[in-house]
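Encoded as structure tokens, the structure appears first; notes follow it.
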Amino acid sequence: MTKEMKEVIMTELKLLERIIRTKAFVLLPLLMVFMGGMCLSSCSDDDEEENYEVEVKDDEAKEDSSDEDSKEDDEPDIEETPFKRLLLEDGNSAGIVVSLYASSKTAVVTDHRSSLKSNVEIPSEVTDNGIVYVVRKIGDGAFTWCMDMTSVIIPNTVTEIGNSAFWGCGLTSVKIPDSVTEIGTSAFGGCGMLRTVEIPESVTKIRKGTFSDTGLYSITIPNSVTEIEELAFWYSALRTIVIGKNVKSIGYNAFRDCNNLTYMYMKSSIPPVVDEIDSPFEIKLQNKCMLYVPKGSMSTYKNTPVWNKFFYMEEFDTTD
């Protein structure tokens, strides 16, 4: 192999690495959508209309158990294996598929069918054979690519929204109840029509890609949040963002390609930790976005790497 060929290969590998770092979080939900579409296409409409009460077989239970073991820390209140899946058929909950867990009397939203409404209402509980099961979680990919879904009511029994739970939906606004403590990666990614989101004080972290590629105009990060992970708002339509006073760090490319971002309000007098090389911000954003910092903290921001690259900076009163 010639020296020239080696140089070409090394250059291509470096380019591939950068693409993977920036786009990997998008590929996973899309792969999920593709695989889900293959599964759904193999089922006839007649199958969807049949009673969907399915008892989990021994082999399937073993497989689910191994998967759930790896998520034990994420689901402390839900036992390892569901004993039944149930298709809901009433009102605005029609088309929702839930998995039931016997000993904990809990339910997880795991899937949906074509009978799903545009205005979805997730129930706080479901009843099966006279037994009530409380809905605690919206599972990974539960509503992926539901473009006809324009609104959703999430009950205050839900404590967790899974990875890519609403990826690619047609939602225009979301109010997350204060019972939710965990929002998964890319949970609302790809929701191009999503304009507003209310995040409760119970949430402590904005995870990777949570609001990436969305139509969000503005958002307020509550004071309960301590970390904004990488790519959290990548390619979103954000114009204004308010970042709570307890955010300690912001991950790389968190605001990459947020070309409309005009106003950023920082409530913390201490600049969050960011990487100087893999910055959350692009230079073109720092050249045009107005950065508002708390009164008395401008000198601190102007002497902190990355933050000092914002061309426009003003102080503001953070008292509510």
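Residue names in the structure tokens use chain letters A, B, ... in the order shown, residue numbers from 1 in each chain, and ligand numbers from 1 in the order shown.
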
Need to verify the contact set: range 281-297 of chain A, 10 Å, only C-alpha atoms, exclusion of same-chain residues closer than 2 positions in sequence. Can you return it as a PyMOL selection string?
chain A and resi 239-240+242+245+250-271+274-276+278-279+299-302+306-319

Would you list the contacts of range 220-229 of chain A as a list in words, taking every protein, DNA or RNA residue within 7 Å and counting only C-alpha atoms, but skipping same-chain residues closer than 3 positions in sequence?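 Contacts, in chain order: Ile199, Pro200, Glu201, Ser202, Val203, Thr204, Lys205, Ile206, Arg207, Lys208, Ala232, Ile241, Val242, Ile243, Gly244, Lys245, Asn246, Val247, Lys248, Ser249, Ile250, Gly251 and Ala254 of chain A.
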
Would you mind exporting the chosen residues as an mmCIF file, in the first residue's frame, restricted to C-alpha atoms?
```cif
data_model
loop_
_atom_site.group_PDB
_atom_site.id
_atom_site.type_symbol
_atom_site.label_atom_id
_atom_site.label_comp_id
_atom_site.auth_asym_id
_atom_site.auth_seq_id
_atom_site.Cartn_x
_atom_site.Cartn_y
_atom_site.Cartn_z
ATOM 1 C CA ILE A 199 -40.578 20.673 31.699
ATOM 2 C CA PRO A 200 -41.364 20.137 35.401
ATOM 3 C CA GLU A 201 -39.049 20.795 38.352
ATOM 4 C CA SER A 202 -38.871 17.033 38.931
ATOM 5 C CA VAL A 203 -36.532 16.548 35.937
ATOM 6 C CA THR A 204 -32.795 16.795 36.675
ATOM 7 C CA LYS A 205 -31.186 16.086 33.300
ATOM 8 C CA ILE A 206 -31.860 16.901 29.641
ATOM 9 C CA ARG A 207 -30.492 13.843 27.893
ATOM 10 C CA LYS A 208 -28.801 13.355 24.544
ATOM 11 C CA ALA A 232 -29.833 17.936 23.313
ATOM 12 C CA ILE A 241 -33.960 29.596 25.763
ATOM 13 C CA VAL A 242 -33.830 30.194 29.504
ATOM 14 C CA ILE A 243 -31.318 27.965 31.312
ATOM 15 C CA GLY A 244 -31.888 27.396 35.032
ATOM 16 C CA LYS A 245 -29.446 28.449 37.711
ATOM 17 C CA ASN A 246 -28.354 24.931 38.679
ATOM 18 C CA VAL A 247 -27.135 23.706 35.290
ATOM 19 C CA LYS A 248 -23.496 22.726 35.894
ATOM 20 C CA SER A 249 -22.501 21.412 32.470
ATOM 21 C CA ILE A 250 -23.564 21.501 28.817
ATOM 22 C CA GLY A 251 -22.456 18.760 26.420
ATOM 23 C CA ALA A 254 -25.954 20.720 22.415
#
```

Considering only C-alpha atoms, give me a table of residues in range 185-246 of chain A that are at most 9 Å from range 165-177 of chain A, with the closest atom pair and distance in Å for each, as a Markdown table.
```
| residue | atom | partner | partner_atom | distance |
| --- | --- | --- | --- | --- |
| A:Thr185 | CA | A:Ala165 | CA | 8.9 |
| A:Ser186 | CA | A:Trp167 | CA | 6.7 |
| A:Ala187 | CA | A:Ala165 | CA | 5.0 |
| A:Phe188 | CA | A:Phe166 | CA | 5.1 |
| A:Gly189 | CA | A:Trp167 | CA | 5.0 |
| A:Gly190 | CA | A:Gly168 | CA | 4.4 |
| A:Cys191 | CA | A:Gly168 | CA | 4.7 |
| A:Gly192 | CA | A:Gly170 | CA | 7.1 |
| A:Met193 | CA | A:Thr172 | CA | 5.2 |
| A:Leu194 | CA | A:Thr172 | CA | 4.0 |
| A:Arg195 | CA | A:Thr172 | CA | 5.5 |
| A:Thr196 | CA | A:Ser173 | CA | 4.8 |
| A:Val197 | CA | A:Val174 | CA | 4.9 |
| A:Glu198 | CA | A:Lys175 | CA | 4.8 |
| A:Ile199 | CA | A:Ile176 | CA | 5.8 |
| A:Pro200 | CA | A:Pro177 | CA | 6.4 |
| A:Ser202 | CA | A:Pro177 | CA | 8.8 |
| A:Thr214 | CA | A:Gly168 | CA | 8.9 |
| A:Gly215 | CA | A:Thr172 | CA | 8.5 |
| A:Leu216 | CA | A:Thr172 | CA | 8.9 |
```

Every residue of range 135-272 of chain A that DSSP places in strand (DSSP E), as a VMD selection string
chain A and resid 135 to 138 151 to 153 160 to 161 173 to 175 182 to 183 196 to 198 205 to 206 218 to 221 227 to 228 240 to 243 249 to 250 263 to 266

- prompt: Which of these residues is nearest to His112 in chain A, using only C-alpha atoms: A:Val126, A:Ile161, A:Ile138, A:Val180?
  reply: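 Going through A:Val126, A:Ile161, A:Ile138, A:Val180 one by one, the smallest distance to His112 in chain A is for A:Ile138.
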
- Message: Could you tell me how far CA of Lys117 in chain A sits from CA of Asn156 in chain A, in Å to one decimal place?
- Response: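 Separation between CA of Asn156 in chain A and CA of Lys117 in chain A: 20.4 Å.
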
Open item on the list: Taking only range 63-309 of chain A into account, list the residues labelled alpha helix (DSSP H) by DSSP (computed from the backbone), as a PyMOL selection string.
Closed with: chain A and resi 63-69+283-286+298-302

CA of Glu230 in chain A to CA of Pro155 in chain A measures 28.5 Å
